[in-house]
file my_file21.cif (mmCIF, C-alpha atoms)
data_structure
loop_
_atom_site.label_atom_id
_atom_site.label_comp_id
_atom_site.auth_asym_id
_atom_site.auth_seq_id
_atom_site.Cartn_x
_atom_site.Cartn_y
_atom_site.Cartn_z
CA ASP A 1 34.83 14.66 -3.12
CA PRO A 2 32.74 16.25 -5.94
CA ALA A 3 32.17 12.89 -7.65
CA GLN A 4 30.77 11.33 -4.47
CA ARG A 5 28.61 14.39 -3.86
CA ARG A 6 27.22 14.11 -7.38
CA ARG A 7 26.57 10.41 -6.85
CA LEU A 8 24.58 11.16 -3.67
CA GLU A 9 22.67 13.98 -5.36
CA LEU A 10 21.61 11.73 -8.24
CA PHE A 11 20.44 9.01 -5.89
CA HIS A 12 18.51 11.46 -3.70
CA GLU A 13 16.90 12.95 -6.81
CA HIS A 14 15.32 9.58 -7.65
CA ARG A 15 14.74 8.21 -4.16
CA SER A 16 11.06 9.14 -4.03
CA LEU A 17 10.42 7.28 -7.29
CA LEU A 18 12.32 4.24 -6.01
CA PHE A 19 10.24 4.20 -2.83
CA SER A 20 7.01 4.52 -4.81
CA ILE A 21 7.92 1.48 -6.92
CA ALA A 22 9.26 -0.61 -4.04
CA TYR A 23 6.34 0.06 -1.68
CA ARG A 24 3.76 -0.80 -4.34
CA MET A 25 5.72 -3.94 -5.24
CA LEU A 26 6.29 -5.18 -1.67
CA GLY A 27 3.48 -3.69 0.42
CA THR A 28 5.60 -2.79 3.44
CA VAL A 29 7.70 0.27 4.21
CA ALA A 30 10.43 -1.80 5.88
CA ASP A 31 10.94 -4.06 2.86
CA ALA A 32 10.79 -1.08 0.49
CA GLU A 33 13.46 0.76 2.49
CA ASP A 34 15.63 -2.36 2.55
CA LYS A 35 15.53 -2.61 -1.24
CA ILE A 36 16.30 1.09 -1.60
CA GLN A 37 19.34 0.60 0.65
CA GLU A 38 20.48 -2.38 -1.44
CA THR A 39 19.99 -0.30 -4.58
CA PHE A 40 22.13 2.47 -3.07
CA LEU A 41 24.93 0.01 -2.24
CA ARG A 42 24.97 -1.19 -5.85
CA TRP A 43 24.86 2.41 -7.05
CA GLN A 44 27.96 3.07 -4.95
CA ARG A 45 29.87 0.32 -6.74
CA VAL A 46 29.37 1.52 -10.34
CA SER A 47 31.09 4.29 -12.24
CA ILE A 48 28.41 6.90 -12.87
CA ALA A 49 30.40 8.08 -15.89
CA ASP A 50 29.44 4.78 -17.52
CA ILE A 51 25.73 5.15 -16.74
CA LYS A 52 23.75 6.79 -19.55
CA SER A 53 20.60 7.21 -17.45
CA PRO A 54 20.91 7.11 -13.65
CA ARG A 55 17.09 7.00 -13.36
CA ALA A 56 16.82 3.95 -15.64
CA PHE A 57 19.69 2.21 -13.87
CA LEU A 58 18.23 2.77 -10.39
CA VAL A 59 14.68 1.78 -11.39
CA THR A 60 16.04 -1.39 -13.00
CA ILE A 61 17.98 -2.37 -9.87
CA VAL A 62 15.17 -1.71 -7.39
CA SER A 63 12.60 -3.48 -9.60
CA ARG A 64 14.75 -6.60 -9.96
CA LEU A 65 15.47 -6.64 -6.22
CA CYS A 66 11.74 -6.43 -5.50
CA ILE A 67 10.93 -9.27 -7.90
CA SER A 68 13.59 -11.43 -6.25
CA HIS A 69 12.31 -10.57 -2.78
CA LEU A 70 8.70 -11.42 -3.66
CA GLN A 71 9.77 -14.73 -5.14
CA SER A 72 11.58 -15.61 -1.90
CA ALA A 73 8.76 -14.24 0.31
CA HIS A 74 6.04 -16.21 -1.47
CA VAL A 75 6.16 -19.09 1.01
CA GLN A 76 6.07 -16.65 3.94
CA ARG A 77 2.90 -15.01 2.56
CA GLU A 78 1.28 -18.43 2.15
CA GLU A 79 2.12 -19.30 5.75
CA TYR A 80 0.91 -15.96 7.10
CA PHE A 81 -1.82 -16.34 9.72
CA GLY A 82 -5.11 -14.97 8.43
CA GLN A 83 -5.53 -12.17 5.93
CA TRP A 84 -2.34 -10.40 4.77
CA LEU A 85 -2.76 -6.66 4.29
CA PRO A 86 -0.14 -4.10 3.26
CA GLU A 87 1.52 -1.93 5.88
CA PRO A 88 -0.52 1.29 6.29
CA LEU A 89 1.24 4.34 4.89
CA LEU A 90 0.22 7.72 6.28
CA THR A 91 -0.18 10.09 3.37
CA ASP A 92 -0.33 13.32 5.31
CA HIS A 93 2.55 15.31 3.84
CA ASP A 94 4.32 15.46 7.20
CA HIS A 95 4.77 11.70 7.29
CA ASP A 96 4.60 10.47 3.70
CA PRO A 97 7.95 9.26 2.31
CA SER A 98 6.57 9.52 -1.24
CA ALA A 99 4.92 12.93 -0.84
CA ALA A 100 6.80 14.25 -3.87
CA LEU A 101 4.68 12.00 -6.07
CA ALA A 102 0.97 12.51 -6.59
CA MET A 103 -1.19 10.20 -4.49
CA GLU A 104 -3.28 8.02 -6.73
CA GLU A 105 -5.46 4.96 -6.85
CA SER A 106 -2.41 2.71 -7.15
CA LEU A 107 -1.48 3.48 -3.55
CA SER A 108 -4.85 2.47 -2.13
CA MET A 109 -5.18 -0.50 0.20
CA GLY A 110 -7.67 -2.18 -2.14
CA PHE A 111 -5.37 -1.85 -5.14
CA LEU A 112 -2.35 -3.19 -3.24
CA VAL A 113 -4.42 -6.15 -2.03
CA LEU A 114 -5.43 -6.88 -5.63
CA LEU A 115 -1.76 -6.93 -6.66
CA GLU A 116 -1.36 -9.98 -4.44
CA ARG A 117 -3.19 -11.93 -7.17
CA LEU A 118 -0.22 -11.40 -9.50
CA THR A 119 3.11 -13.18 -9.69
CA PRO A 120 6.17 -11.02 -8.89
CA VAL A 121 7.00 -10.55 -12.58
CA GLU A 122 3.36 -9.78 -13.46
CA ARG A 123 3.27 -7.22 -10.67
CA ALA A 124 6.44 -5.53 -11.91
CA VAL A 125 5.24 -5.39 -15.52
CA PHE A 126 1.81 -4.13 -14.50
CA LEU A 127 3.12 -1.39 -12.20
CA LEU A 128 5.91 -0.20 -14.49
CA ARG A 129 3.60 0.00 -17.52
CA GLU A 130 0.22 0.96 -16.03
CA VAL A 131 1.21 3.11 -13.06
CA PHE A 132 4.64 4.50 -13.92
CA GLU A 133 3.98 4.58 -17.69
CA TYR A 134 7.21 3.02 -18.91
CA GLU A 135 7.34 1.96 -22.55
CA TYR A 136 7.24 -1.75 -23.30
CA GLU A 137 10.87 -1.64 -24.43
CA GLU A 138 11.93 -0.23 -21.05
CA VAL A 139 9.75 -2.69 -19.11
CA GLY A 140 11.29 -5.55 -21.07
CA ARG A 141 14.83 -4.36 -20.36
CA ILE A 142 14.11 -4.01 -16.64
CA THR A 143 12.46 -7.44 -16.33
CA HIS A 144 14.67 -9.37 -18.81
CA LEU A 145 11.66 -9.99 -21.06
CA THR A 146 10.84 -9.31 -24.70
CA GLU A 147 8.31 -6.63 -25.60
CA VAL A 148 5.95 -9.35 -26.84
CA ASN A 149 6.19 -11.16 -23.50
CA CYS A 150 5.55 -7.91 -21.63
CA ARG A 151 2.38 -7.27 -23.63
CA GLN A 152 1.13 -10.80 -22.98
CA ILE A 153 1.92 -10.56 -19.25
CA LEU A 154 0.24 -7.17 -18.97
CA ARG A 155 -2.90 -8.47 -20.69
CA ARG A 156 -3.10 -11.40 -18.24
CA ALA A 157 -2.43 -9.11 -15.26
CA ARG A 158 -5.18 -6.70 -16.31
CA GLN A 159 -7.65 -9.56 -16.60
CA ARG A 160 -6.77 -10.82 -13.13
CA ILE A 161 -7.29 -7.55 -11.31
CA THR A 162 -9.66 -5.41 -13.39
CA GLU A 163 -12.80 -7.01 -11.99
CA GLY A 164 -11.97 -6.17 -8.40
CA ARG A 165 -10.36 -2.79 -9.02
CA PRO A 166 -11.52 -0.34 -6.36
CA ARG A 167 -13.91 2.49 -7.22
CA PHE A 168 -13.73 5.83 -5.45
CA ASP A 169 -15.87 8.88 -4.90
CA PRO A 170 -13.93 11.82 -6.32
CA SER A 171 -15.11 14.27 -3.66
CA PRO A 172 -12.90 14.53 -0.54
CA GLU A 173 -15.79 16.32 1.19
CA LYS A 174 -18.12 13.37 0.58
CA GLN A 175 -15.47 10.96 1.83
CA ASP A 176 -14.94 13.02 4.97
CA GLU A 177 -18.69 13.27 5.61
CA LEU A 178 -19.21 9.52 5.25
CA LEU A 179 -16.23 8.70 7.48
CA THR A 180 -17.64 11.05 10.14
CA GLN A 181 -21.00 9.26 9.99
CA PHE A 182 -19.28 5.86 10.05
CA LEU A 183 -17.20 6.81 13.10
CA GLY A 184 -20.21 8.29 14.92
CA ALA A 185 -22.45 5.28 14.29
CA THR A 186 -19.70 2.88 15.38
CA VAL A 187 -18.81 4.77 18.57
CA ASN A 188 -22.49 5.21 19.51
CA GLY A 189 -23.39 1.59 18.81
CA ASP A 190 -25.98 2.67 16.21
CA MET A 191 -26.32 -0.61 14.30
CA ASN A 192 -29.04 0.61 11.94
CA GLY A 193 -27.18 3.81 11.21
CA LEU A 194 -23.99 1.87 10.56
CA ILE A 195 -25.68 -0.66 8.28
CA SER A 196 -27.19 2.18 6.23
CA LEU A 197 -23.67 3.42 5.41
CA LEU A 198 -22.40 0.06 4.17
CA ALA A 199 -22.66 -1.26 0.60
CA LYS A 200 -24.65 -4.46 0.15
CA ASP A 201 -21.56 -6.31 -1.03
CA ILE A 202 -19.23 -4.88 1.63
CA VAL A 203 -16.23 -6.95 2.73
CA LEU A 204 -14.20 -6.42 5.91
CA TYR A 205 -10.58 -7.63 6.10
CA THR A 206 -8.54 -7.79 9.30
CA ASP A 207 -4.81 -8.42 9.64
CA GLY A 208 -3.46 -9.35 13.06
CA GLY A 209 -0.62 -11.51 11.79
CA GLY A 210 -1.38 -14.03 14.54
CA LYS A 211 0.00 -11.53 17.07
CA THR A 212 -3.20 -9.83 18.19
CA THR A 213 -6.98 -10.18 17.97
CA ALA A 214 -8.24 -10.30 14.38
CA VAL A 215 -10.68 -12.29 12.27
CA PRO A 216 -8.62 -14.63 10.06
CA GLN A 217 -11.17 -14.71 7.21
CA PRO A 218 -12.94 -11.85 5.40
CA VAL A 219 -16.37 -10.87 6.75
CA TYR A 220 -19.16 -10.33 4.20
CA GLY A 221 -22.40 -8.34 4.28
CA PRO A 222 -23.57 -5.17 6.08
CA THR A 223 -25.09 -6.89 9.14
CA ASN A 224 -22.08 -9.10 9.83
CA VAL A 225 -19.64 -6.23 9.32
CA ALA A 226 -21.63 -3.83 11.53
CA ARG A 227 -21.93 -6.43 14.28
CA LEU A 228 -18.20 -7.17 14.27
CA LEU A 229 -17.27 -3.46 14.32
CA SER A 230 -19.63 -2.78 17.23
CA MET A 231 -18.31 -5.73 19.22
CA ALA A 232 -14.71 -4.76 18.56
CA LEU A 233 -15.24 -1.18 19.67
CA LYS A 234 -17.01 -2.23 22.87
CA LYS A 235 -14.08 -4.46 23.74
CA PHE A 236 -11.49 -1.71 23.34
CA ALA A 237 -13.50 1.50 23.79
CA GLU A 238 -12.44 2.33 27.34
CA ASN A 239 -8.76 2.66 26.50
CA VAL A 240 -8.84 3.75 22.87
CA VAL A 241 -8.18 7.26 21.57
CA ILE A 242 -9.31 7.74 17.98
CA ARG A 243 -7.60 9.98 15.45
CA ARG A 244 -8.62 10.65 11.85
CA ALA A 245 -5.90 10.26 9.22
CA GLN A 246 -5.26 9.93 5.52
CA ILE A 247 -3.89 6.42 5.02
CA ASN A 248 -2.73 5.21 1.60
CA GLY A 249 -4.46 8.23 0.11
CA GLN A 250 -7.80 7.19 1.63
CA PRO A 251 -9.93 8.22 4.61
CA GLY A 252 -8.82 6.31 7.67
CA ILE A 253 -8.89 6.04 11.44
CA LEU A 254 -6.09 5.30 13.90
CA GLY A 255 -6.82 3.75 17.28
CA TYR A 256 -4.28 4.52 20.02
CA ILE A 257 -3.75 2.87 23.38
CA ASN A 258 -1.31 4.60 25.73
CA GLY A 259 -0.21 6.86 22.89
CA ILE A 260 0.80 3.98 20.59
CA ALA A 261 -1.10 3.06 17.43
CA GLU A 262 -2.77 -0.31 17.94
CA THR A 263 -5.20 -0.28 15.01
CA ALA A 264 -5.46 1.30 11.56
CA VAL A 265 -8.82 1.31 9.77
CA ILE A 266 -9.02 2.22 6.08
CA VAL A 267 -12.23 2.40 4.06
CA ASP A 268 -13.03 2.32 0.35
CA ILE A 269 -15.85 4.76 -0.39
CA ALA A 270 -17.82 4.71 -3.64
CA ALA A 271 -21.35 5.55 -4.76
CA GLY A 272 -22.08 7.08 -1.36
CA ARG A 273 -21.39 3.86 0.54
CA ILE A 274 -18.49 2.16 2.26
CA GLN A 275 -17.43 -0.65 -0.07
CA ASN A 276 -14.58 -2.27 1.88
CA VAL A 277 -13.08 -1.95 5.35
CA TYR A 278 -9.45 -2.88 6.05
CA ILE A 279 -8.31 -3.23 9.66
CA VAL A 280 -4.59 -3.64 10.36
CA ARG A 281 -3.70 -4.73 13.90
CA ASN A 282 -0.43 -6.56 13.34
CA PRO A 283 1.92 -4.52 15.58
CA ASP A 284 4.83 -5.06 13.17
CA LYS A 285 2.93 -3.07 10.54
CA LEU A 286 2.14 -0.13 12.84
CA THR A 287 5.59 0.68 14.21
CA ARG A 288 6.03 3.59 11.77
CA VAL A 289 2.73 5.24 12.63
CA PRO A 290 3.59 8.40 14.62
CA LEU A 291 2.85 8.46 18.34
CA LEU A 292 -0.37 10.13 19.39
CA SER A 293 -0.27 13.90 19.05
CA THR A 294 -2.56 16.35 20.76
CA GLU A 295 -4.63 16.69 17.58
CA PHE A 296 -7.16 13.89 17.36
CA VAL A 297 -10.86 13.27 17.01
CA CYS A 298 -12.61 11.16 19.61
#
call {"tool": "encode", "arguments": {"input": "my_file21.cif", "output": "structure tokens"}}
result
Amino acid sequence: DPAQRRRLELFHEHRSLLFSIAYRMLGTVADAEDKIQETFLRWQRVSIADIKSPRAFLVTIVSRLCISHLQSAHVQREEYFGQWLPEPLLTDHDHDPSAALAMEESLSMGFLVLLERLTPVERAVFLLREVFEYEYEEVGRITHLTEVNCRQILRRARQRITEGRPRFDPSPEKQDELLTQFLGATVNGDMNGLISLLAKDIVLYTDGGGKTTAVPQPVYGPTNVARLLSMALKKFAENVVIRRAQINGQPGILGYINGIAETAVIVDIAAGRIQNVYIVRNPDKLTRVPLLSTEFVC
């Protein structure tokens, strides 16, 4: 059926964009994929001859589905045990579902955490306008708001997240060098060396979801962070295999036990120091991390 083939081609053409929006909105791959599937089912039920812009139609559907999902998931987030962090997304091209789009700051763990400060509608307006560069008229149509409302919402959203917006060193070489030093100091139990790599205002976040060992509250300051990292590594060091990875477009580390990813560590690096550390240990958020390959750093 040529019409059905064309329908599938149009959807596939925009799928990467839909994933990029849905993942940034929802923070998990599973939820993003669910909303893409729902979008596809709705796409199947319309006459594409009546659709002026398939891209606009699909973006509108997935955005509204994400807003609705976040509104219903709000209570679940509030009841979540400890710190909620987004699901790590490997951004090596072999594994990245959104590889067709340029990796950017808006995919970083720190940025996604900041988006949690926004309401679902604020998040949609902010992402569509600031990240995906839609005009206010389009943002208003997608979100059922006037252009004036969109401008007001965007101004509030900017104020709420600008202060904590992550900063990054532009040099991948510098990031790689600092991650190597961080990993070496941690593995060797070099507390002084580790502390020297950490920013004075460093914060460490851990997400175990109540299902595995994690610190429920953020940890502040170089000494406290270094001590916790050293203790954690000693506890698991005998069984852990460590592999370097790009996670959410940032330098990261994966810890494997028996070939299965048990821990993902992501770091924000700026001004030659590690600014934030994010540790995800909730097993539900690591199921899509590939099994251990033969290529790893230990």
call {"tool": "closest_residue", "arguments": {"input": "my_file21.cif", "among": "A:Gln246, A:Thr39, A:Ser72, A:Asn149", "to": "Leu107 of chain A", "atoms": "only C-alpha atoms"}}
result
A:Gln246
call {"tool": "closest_residue", "arguments": {"input": "my_file21.cif", "among": "A:Arg273, A:Pro283, A:Val121, A:Arg5", "to": "Gln181 of chain A", "atoms": "only C-alpha atoms"}}
result
A:Arg273
call {"tool": "resolve_selection", "arguments": {"input": "my_file21.cif", "expression": "the PyMOL selection byres ((chain A and resi 212-228) around 6)", "output": "compact mmCIF listing (two decimals) with C-alpha atoms, keeping the file's coordinate frame"}}
result
# COMPACT_ATOMS: atom_id res chain seq x y z
CA GLY A 82 -5.11 -14.97 8.43
CA GLN A 83 -5.53 -12.17 5.93
CA ILE A 195 -25.68 -0.66 8.28
CA LEU A 198 -22.40 0.06 4.17
CA ASP A 201 -21.56 -6.31 -1.03
CA ILE A 202 -19.23 -4.88 1.63
CA VAL A 203 -16.23 -6.95 2.73
CA LEU A 204 -14.20 -6.42 5.91
CA TYR A 205 -10.58 -7.63 6.10
CA THR A 206 -8.54 -7.79 9.30
CA GLY A 208 -3.46 -9.35 13.06
CA GLY A 210 -1.38 -14.03 14.54
CA LYS A 211 0.00 -11.53 17.07
CA LEU A 229 -17.27 -3.46 14.32
CA SER A 230 -19.63 -2.78 17.23
CA MET A 231 -18.31 -5.73 19.22
call {"tool": "resolve_selection", "arguments": {"input": "my_file21.cif", "expression": "the PyMOL selection byres ((chain A and resi 183) around 12)", "output": "MDAnalysis selection string"}}
result
chainID A and resid 176:182 184:191 193:194 197 226 229:230 233 242:244 251:255 265:267 274 297:298
call {"tool": "closest_residue", "arguments": {"input": "my_file21.cif", "among": "A:Ala271, A:Leu65, A:Leu90, A:Leu286", "to": "Ala30 of chain A", "atoms": "all atoms listed in the file"}}
result
A:Leu286
call {"tool": "residues_around", "arguments": {"input": "my_file21.cif", "residues": "Leu114 of chain A", "least_positions_apart": "6", "cutoff": "12 Å", "atoms": "only C-alpha atoms", "output": "list of chain:residue names"}}
result
A:Arg24, A:Met25, A:Gly27, A:Trp84, A:Leu85, A:Pro86, A:Glu105, A:Ser106, A:Leu107, A:Ser108, A:Arg123, A:Phe126, A:Ala157, A:Arg158, A:Gln159, A:Arg160, A:Ile161, A:Thr162, A:Glu163, A:Gly164, A:Arg165, A:Pro166
call {"tool": "atom_distance", "arguments": {"input": "my_file21.cif", "atom1": "atom CA of Glu262 of chain A", "atom2": "atom CA of Asn282 of chain A"}}
result
8.1 Å
call {"tool": "atom_distance", "arguments": {"input": "my_file21.cif", "atom1": "atom CA of Arg55 of chain A", "atom2": "atom CA of Leu70 of chain A"}}
result
22.4 Å
call {"tool": "atom_distance", "arguments": {"input": "my_file21.cif", "atom1": "atom CA of Arg129 of chain A", "atom2": "atom CA of Ala32 of chain A"}}
result
19.4 Å
call {"tool": "closest_residue", "arguments": {"input": "my_file21.cif", "among": "A:Ile260, A:Val62, A:Tyr278, A:Glu138", "to": "Val240 of chain A", "atoms": "only C-alpha atoms"}}
result
A:Ile260
call {"tool": "residues_near_point", "arguments": {"input": "my_file21.cif", "point": "(14.5, -12.0, -17.7)", "cutoff": "12 Å", "atoms": "all atoms listed in the file", "output": "NGL selection string"}}
result
:A and (60 or 63-64 or 67-68 or 121 or 124-125 or 139-147 or 149-150)
call {"tool": "resolve_selection", "arguments": {"input": "my_file21.cif", "expression": "the PyMOL selection byres ((chain A and resi 6) around 12)", "output": "MDAnalysis selection string"}}
result
chainID A and resid 1:5 7:13 43:44 47:49 54
call {"tool": "closest_residue", "arguments": {"input": "my_file21.cif", "among": "A:Tyr23, A:Thr287, A:Ile61, A:Arg15", "to": "Met109 of chain A", "atoms": "all atoms listed in the file"}}
result
A:Tyr23
call {"tool": "closest_residue", "arguments": {"input": "my_file21.cif", "among": "A:Leu154, A:Ala261, A:Val59, A:Ala73", "to": "Arg288 of chain A", "atoms": "all atoms listed in the file"}}
result
A:Ala261
